[in-house]
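The file upload-v2.txt comes next; it holds compact mmCIF, C-alpha atoms and all ligand atoms.
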# COMPACT_ATOMS: atom_id res chain seq x y z
CA MET U 1 0.00 0.00 0.00
CA ILE U 2 1.10 3.56 -0.69
CA PHE U 3 0.06 5.73 2.24
CA ASP U 4 0.37 9.46 1.66
CA VAL U 5 -0.07 12.18 4.28
CA PHE U 6 -0.60 15.81 3.26
CA THR U 7 0.23 18.18 6.10
CA LEU U 8 1.85 21.45 7.10
CA PHE U 9 3.79 19.55 9.77
CA PRO U 10 5.52 16.46 8.35
CA GLU U 11 8.02 16.60 11.24
CA HIS U 12 5.19 15.75 13.66
CA PHE U 13 5.20 12.24 12.14
CA GLU U 14 8.85 11.43 12.83
CA TRP U 15 8.11 9.51 16.02
CA PHE U 16 5.22 7.67 14.38
CA ALA U 17 7.18 6.66 11.29
CA GLY U 18 9.86 5.15 13.52
CA GLN U 19 7.47 2.74 15.28
CA ARG U 20 8.32 -0.91 14.74
CA HIS U 21 5.06 -1.97 13.09
CA VAL U 22 5.20 1.01 10.77
CA ARG U 23 8.78 0.16 9.73
CA ASN U 24 7.74 -3.49 9.36
CA ALA U 25 4.94 -2.49 6.99
CA GLY U 26 7.58 -0.55 5.04
CA GLU U 27 9.79 -3.60 4.77
CA HIS U 28 6.84 -5.59 3.43
CA GLY U 29 6.21 -3.29 0.50
CA SER U 30 4.16 -0.46 1.98
CA GLU U 31 5.31 3.08 1.60
CA LEU U 32 4.53 5.99 3.95
CA ARG U 33 5.10 9.35 2.28
CA PHE U 34 4.65 12.95 3.37
CA PHE U 35 3.75 16.03 1.36
CA ASN U 36 3.94 19.54 2.78
CA TYR U 37 1.24 21.87 1.38
CA ARG U 38 3.71 24.71 1.81
CA ASP U 39 6.16 23.19 -0.69
CA THR U 40 3.72 23.44 -3.58
CA THR U 41 1.51 26.40 -2.70
CA PRO U 42 0.76 28.62 -5.70
CA LEU U 43 0.57 31.62 -3.34
CA GLY U 44 3.41 33.88 -2.28
CA ALA U 45 5.38 33.68 0.96
CA GLY U 46 4.30 30.10 1.65
CA GLN U 47 0.69 31.10 2.24
CA VAL U 48 -1.72 28.17 2.62
CA ASP U 49 -4.75 29.60 4.46
CA ASP U 50 -7.03 32.61 4.43
CA SER U 51 -9.68 34.32 6.52
CA PRO U 52 -13.20 32.89 6.26
CA TYR U 53 -15.81 34.45 3.99
CA GLY U 54 -18.61 35.78 6.13
CA GLY U 55 -16.18 36.65 8.88
CA GLY U 56 -15.31 34.91 12.10
CA ALA U 57 -12.25 33.81 13.96
CA GLY U 58 -9.37 31.78 12.64
CA MET U 59 -8.03 30.79 9.28
CA VAL U 60 -9.21 28.28 6.69
CA MET U 61 -7.09 25.99 4.47
CA ARG U 62 -7.44 27.13 0.85
CA VAL U 63 -8.85 24.83 -1.82
CA ASP U 64 -6.31 25.95 -4.46
CA VAL U 65 -3.44 25.10 -2.11
CA VAL U 66 -4.66 21.58 -1.40
CA ASP U 67 -5.44 21.06 -5.09
CA ALA U 68 -1.91 22.14 -6.03
CA SER U 69 -0.34 19.63 -3.63
CA LEU U 70 -2.52 16.80 -5.00
CA GLU U 71 -1.63 17.90 -8.51
CA ALA U 72 2.08 17.87 -7.69
CA ALA U 73 1.85 14.42 -6.11
CA TYR U 74 -0.50 12.70 -8.59
CA GLY U 75 -1.12 14.88 -11.61
CA PRO U 76 -4.64 15.44 -12.93
CA ASP U 77 -5.86 11.81 -12.65
CA ARG U 78 -6.31 10.97 -8.98
CA ASP U 79 -8.96 8.29 -9.32
CA GLY U 80 -6.69 5.49 -8.14
CA VAL U 81 -6.10 7.22 -4.81
CA ARG U 82 -8.63 7.03 -1.95
CA LYS U 83 -8.44 10.52 -0.49
CA LEU U 84 -9.70 11.20 3.04
CA ALA U 85 -10.09 14.67 4.54
CA LEU U 86 -9.56 14.55 8.31
CA THR U 87 -12.12 16.79 9.94
CA PRO U 88 -14.20 16.61 13.14
CA GLY U 89 -17.45 16.63 11.16
CA GLY U 90 -16.57 13.56 9.11
CA ARG U 91 -17.65 9.90 9.17
CA ARG U 92 -16.63 8.30 12.47
CA PHE U 93 -13.48 6.19 12.13
CA ASP U 94 -13.85 2.67 13.51
CA GLU U 95 -12.38 -0.82 13.11
CA GLY U 96 -14.67 -1.53 10.15
CA LEU U 97 -13.45 1.52 8.26
CA ALA U 98 -9.85 0.60 9.16
CA SER U 99 -10.37 -2.84 7.56
CA GLU U 100 -11.97 -1.25 4.51
CA LEU U 101 -9.03 1.15 4.12
CA ALA U 102 -6.49 -1.67 4.59
CA ARG U 103 -7.80 -3.18 1.33
CA GLU U 104 -6.96 -0.04 -0.68
CA SER U 105 -3.76 0.08 -2.71
CA HIS U 106 -3.26 3.83 -2.39
CA LEU U 107 -4.51 6.07 0.43
CA ALA U 108 -4.10 9.80 0.97
CA LEU U 109 -4.90 11.56 4.26
CA LEU U 110 -5.44 15.30 4.09
CA CYS U 111 -4.65 17.05 7.37
CA GLY U 112 -6.17 20.43 8.06
CA ARG U 113 -5.01 23.11 10.45
CA TYR U 114 -6.47 26.33 11.73
CA GLU U 115 -10.27 26.40 11.72
CA GLY U 116 -10.42 23.70 9.09
CA PHE U 117 -10.79 23.17 5.35
CA ASP U 118 -12.57 25.23 2.77
CA GLU U 119 -15.64 23.01 2.28
CA ARG U 120 -14.81 22.60 -1.43
CA ILE U 121 -11.80 20.48 -0.40
CA VAL U 122 -14.14 18.02 1.32
CA ALA U 123 -16.78 18.20 -1.42
CA HIS U 124 -14.59 18.00 -4.53
CA LEU U 125 -11.02 16.97 -3.73
CA ALA U 126 -11.58 14.25 -1.10
CA ASP U 127 -13.59 11.05 -1.46
CA ASP U 128 -14.65 10.99 2.22
CA ALA U 129 -14.37 13.12 5.34
CA VAL U 130 -13.28 11.20 8.42
CA SER U 131 -13.31 12.02 12.15
CA ILE U 132 -11.70 9.98 14.92
CA GLY U 133 -14.25 10.93 17.57
CA PRO U 134 -16.67 13.50 19.01
CA TYR U 135 -14.16 16.12 20.21
CA VAL U 136 -12.17 18.85 18.51
CA LEU U 137 -8.42 18.56 18.01
CA SER U 138 -6.12 21.33 16.81
CA GLY U 139 -5.37 19.67 13.51
CA GLY U 140 -5.50 16.51 11.47
CA GLU U 141 -2.02 15.27 12.39
CA LEU U 142 -2.98 13.22 15.45
CA PRO U 143 -6.05 11.81 13.66
CA ALA U 144 -3.82 10.90 10.68
CA MET U 145 -1.53 8.94 13.00
CA VAL U 146 -4.52 7.20 14.57
CA VAL U 147 -5.89 6.20 11.17
CA ALA U 148 -2.46 5.19 9.84
CA ASP U 149 -1.75 3.08 12.93
CA ALA U 150 -5.06 1.24 12.79
CA VAL U 151 -4.72 0.59 9.04
CA LEU U 152 -1.01 -0.28 8.83
CA ARG U 153 -1.20 -2.84 11.62
CA LYS U 154 -3.68 -4.79 9.49
CA LEU U 155 -1.23 -5.14 6.60
CA PRO U 156 0.70 -8.38 6.19
CA GLY U 157 4.07 -8.29 7.90
CA SER U 158 3.27 -5.29 10.08
CA LEU U 159 2.98 -7.21 13.32
CA GLY U 160 5.32 -9.99 14.34
CA ASP U 161 4.19 -13.59 13.75
CA SER U 162 3.06 -14.24 17.31
CA GLU U 163 1.11 -10.99 17.47
CA SER U 164 -0.67 -11.52 14.18
CA ALA U 165 -1.62 -15.08 15.13
CA LEU U 166 -3.10 -13.64 18.31
CA GLU U 167 -4.93 -10.97 16.35
CA GLU U 168 -6.49 -13.54 14.09
CA SER U 169 -7.84 -15.58 16.92
CA PHE U 170 -9.32 -12.40 18.43
CA SER U 171 -11.15 -11.30 15.34
CA GLU U 172 -12.33 -14.81 14.51
CA ALA U 173 -13.47 -15.62 18.01
CA LEU U 174 -14.76 -12.23 19.04
CA GLY U 175 -16.57 -11.05 15.94
CA GLY U 176 -15.52 -7.42 16.32
CA ALA U 177 -16.19 -7.34 20.08
CA PRO U 178 -13.61 -5.75 22.34
CA GLU U 179 -10.93 -7.93 23.83
CA TYR U 180 -11.29 -10.00 26.97
CA PRO U 181 -9.16 -9.08 30.00
CA HIS U 182 -5.60 -10.36 30.26
CA TYR U 183 -3.57 -11.40 33.31
CA THR U 184 0.01 -12.45 33.88
CA ARG U 185 2.30 -13.22 36.85
CA PRO U 186 2.19 -12.79 39.80
CA PRO U 187 -0.97 -14.83 40.54
CA THR U 188 -1.77 -12.58 43.49
CA TYR U 189 -0.58 -9.05 44.09
CA ARG U 190 -1.60 -7.00 47.13
CA GLY U 191 -4.43 -9.46 47.57
CA TRP U 192 -5.68 -9.00 43.98
CA GLY U 193 -6.12 -12.42 42.44
CA VAL U 194 -6.45 -13.81 38.94
CA PRO U 195 -9.61 -15.65 37.77
CA GLU U 196 -9.11 -19.31 38.79
CA ILE U 197 -10.14 -20.62 35.40
CA LEU U 198 -7.10 -19.03 33.71
CA LEU U 199 -4.81 -21.03 35.99
CA SER U 200 -6.72 -24.29 35.45
CA GLY U 201 -5.04 -25.39 32.22
CA ASP U 202 -8.49 -26.24 30.80
CA HIS U 203 -8.24 -24.61 27.35
CA ALA U 204 -11.89 -25.13 26.40
CA LYS U 205 -13.07 -23.54 29.65
CA VAL U 206 -10.58 -20.68 29.19
CA ARG U 207 -11.87 -20.00 25.68
CA GLU U 208 -15.46 -20.02 26.90
CA TRP U 209 -14.63 -17.65 29.78
CA ARG U 210 -12.85 -15.23 27.41
CA LEU U 211 -15.76 -15.21 24.97
CA GLU U 212 -18.17 -14.44 27.79
CA ARG U 213 -16.02 -11.56 29.08
CA SER U 214 -15.68 -10.20 25.56
CA ARG U 215 -19.45 -10.31 24.99
CA GLU U 216 -19.97 -8.64 28.35
CA ARG U 217 -17.67 -5.79 27.35
CA ALA U 218 -19.39 -5.48 23.98
CA ALA U 219 -22.75 -5.17 25.73
CA ARG U 220 -21.41 -2.41 27.99
CA THR U 221 -19.99 -0.18 25.22
CL1 LIG U 301 -10.12 14.23 11.94
N1 LIG U 301 -9.70 16.58 13.06
C1 LIG U 301 -9.79 17.45 14.07
N2 LIG U 301 -9.26 18.67 13.92
N3 LIG U 301 -10.41 17.18 15.21
C2 LIG U 301 -10.93 15.97 15.32
C3 LIG U 301 -10.87 15.01 14.32
C4 LIG U 301 -10.23 15.35 13.17
N4 LIG U 301 -11.48 13.89 14.73
C5 LIG U 301 -11.91 14.17 15.97
N5 LIG U 301 -11.58 15.42 16.32

Output the file's structure in the form of structure tokens.
Ligand code: 6GU
Amino acid sequence: MIFDVFTLFPEHFEWFAGQRHVRNAGEHGSELRFFNYRDTTPLGAGQVDDSPYGGGAGMVMRVDVVDASLEAAYGPDRDGVRKLALTPGGRRFDEGLASELARESHLALLCGRYEGFDERIVAHLADDAVSIGPYVLSGGELPAMVVADAVLRKLPGSLGDSESALEESFSEALGGAPEYPHYTRPPTYRGWGVPEILLSGDHAKVREWRLERSRERAART
């Protein structure tokens, strides 16, 4: 998969790009690339935003600036790229959307800053608008890392063998439900014990107990 991030702050992604599962995805044929709107802006002095028509506080990302960066990256035909605008008003990101995106061959995430995007970016340049939750963040960079993390970890070779085997058994057994609780040594700590069944060695009973806990958690969320 080619995974492109358009941002004013590519340096914010340095930590993220260095994470093991992200580097693993890279070694298995995925590519994470960054494009700075400021590098290709058609405006003078590196301008990328402007004050909102109708007045009001803050600045808005310009449609011509975002279009120019897409043009520089892809040229006029962008149909092969699934382009997502990251904005608090978008479609809620969840595990289902992460799986859907993991099947794409080429993704582009458009990060906004300031008060947001000119709506024509969302309407005409992006295929979807995506939000990571019902709260407002200062820009699309953290959401882009959230989306990239959830998607890249689904790609072959991203997680180590043991982890991906574990993952598979979760998704198969749990049908999208949240995970069951985990415990490890010591068996008691400050009087806090571990469910007996997990120490019993009875794998069928353990599996049953985990499924029940997982369903319980699903019912609560
Ligand atoms: Cl995608 N962007 C911003 N700025 N805030 C958000 C968000 C996105 N998702 C939740 N809050």

Using all atoms listed in the file, find each residue in region 21-52 of chain U having at least one atom no more than 12 Å away from region 127-146 of chain U; report its shortest atom-to-atom pair and that distance in Å (one decimal), rows by chain then rising number, as a tab-separated table.
residue	atom	partner	partner_atom	distance
U:Val22	CA	U:Met145	CA	10.6
U:Leu32	CA	U:Met145	CA	11.3
U:Phe34	CA	U:Ala144	CA	11.4

d(CA of Ala218 (chain U), CA of Leu101 (chain U)) in Å: 23.4 Å

A straight line from CA of Ala72 (chain U) to CA of Thr40 (chain U) spans 7.1 Å

To box region 55-58 of chain U, take all atoms listed in the file, fit an axis-aligned box, add 3 Å on each side, and give centre and edge lengths in Å to one decimal, as lines of an AutoDock Vina configuration file.
center_x = -12.8
center_y = 34.2
center_z = 11.4
size_x = 12.8
size_y = 10.9
size_z = 11.1

Using all atoms listed in the file, which residue out of U:Leu86, U:Val122, U:Val63, U:Val206 lies closest to ligand LIG 301 (chain U)? U:Leu86

When you look at Ser51 (chain U) with a cut-off of 12 Å (counting only C-alpha atoms), what residues show up, excluding the ones that are within fewer than 3 positions of it in the same chain? I need them as a compact mmCIF listing (two decimals) with C-alpha atoms, in the coordinates of the input.
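Just written: selection20.txt:
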# COMPACT_ATOMS: atom_id res chain seq x y z
CA GLN U 47 0.69 31.10 2.24
CA VAL U 48 -1.72 28.17 2.62
CA GLY U 54 -18.61 35.78 6.13
CA GLY U 55 -16.18 36.65 8.88
CA GLY U 56 -15.31 34.91 12.10
CA ALA U 57 -12.25 33.81 13.96
CA GLY U 58 -9.37 31.78 12.64
CA MET U 59 -8.03 30.79 9.28
CA VAL U 60 -9.21 28.28 6.69
CA MET U 61 -7.09 25.99 4.47
CA ARG U 62 -7.44 27.13 0.85
CA TYR U 114 -6.47 26.33 11.73
CA GLU U 115 -10.27 26.40 11.72
CA GLY U 116 -10.42 23.70 9.09
CA PHE U 117 -10.79 23.17 5.35
CA ASP U 118 -12.57 25.23 2.77

Determine the nearest neighbour of Asp149 (chain U) from the options U:Ser105, U:Gln19, U:Thr87, U:Thr184, counting only C-alpha atoms.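 Closest candidate: U:Gln19.
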
For ligand LIG 301 (chain U), which residue out of U:Glu179, U:Glu212, U:Asp94, U:Asp79 is the nearest one, using all atoms listed in the file?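 Of the candidates, the smallest distance to ligand LIG 301 (chain U) is held by U:Asp94.
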
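Minimum atom-to-atom distances from U:Leu198, U:Ser214, U:Phe6, U:Asn36 to Arg185 (chain U) were compared using all atoms listed in the file, and the lowest value belongs to U:Leu198.
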
Would you mind telling me which residue in U:Pro10, U:Gly90, U:Gly26, U:Gly46 lies nearest to ligand LIG 301 (chain U) when using all atoms listed in the file? U:Gly90

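With distances taken from (-3.5, -10.2, 32.6) and restricted to only C-alpha atoms, the residues inside 12 Å are Glu179, Tyr180, Pro181, His182, Tyr183, Thr184, Arg185, Pro186, Pro187, Thr188, Tyr189, Trp192, Gly193, Val194, Pro195, Leu198, Leu199 and Arg210 of chain U.
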
Quick one: everything within 7 Å of Val81 (chain U), counting only C-alpha atoms, minus sequence neighbours fewer than 6 positions away in the same chain. Send it as a list of chain:residue names.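 The residues satisfying every condition are U:His106, U:Leu107, U:Ala108.
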
For ligand LIG 301 (chain U), the closest of U:Leu125, U:Ala102, U:Val147, U:Leu8 counting all atoms listed in the file is U:Val147

Just to confirm, what's the straight-line distance from CA of Asp67 (chain U) to CA of Phe16 (chain U) in Å (one decimal)?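 CA of Phe16 (chain U) lies 25.9 Å from CA of Asp67 (chain U).
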
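Residues lying within 12 Å of Arg103 (chain U), counting all atoms listed in the file and ignoring same-chain neighbours fewer than 2 positions away, are Met1, Ile2, Phe3, Arg82, Gly96, Leu97, Ala98, Ser99, Glu100, Leu101, Ser105, His106, Leu107, Val151, Leu152, Lys154, Leu155 and Pro156 of chain U.
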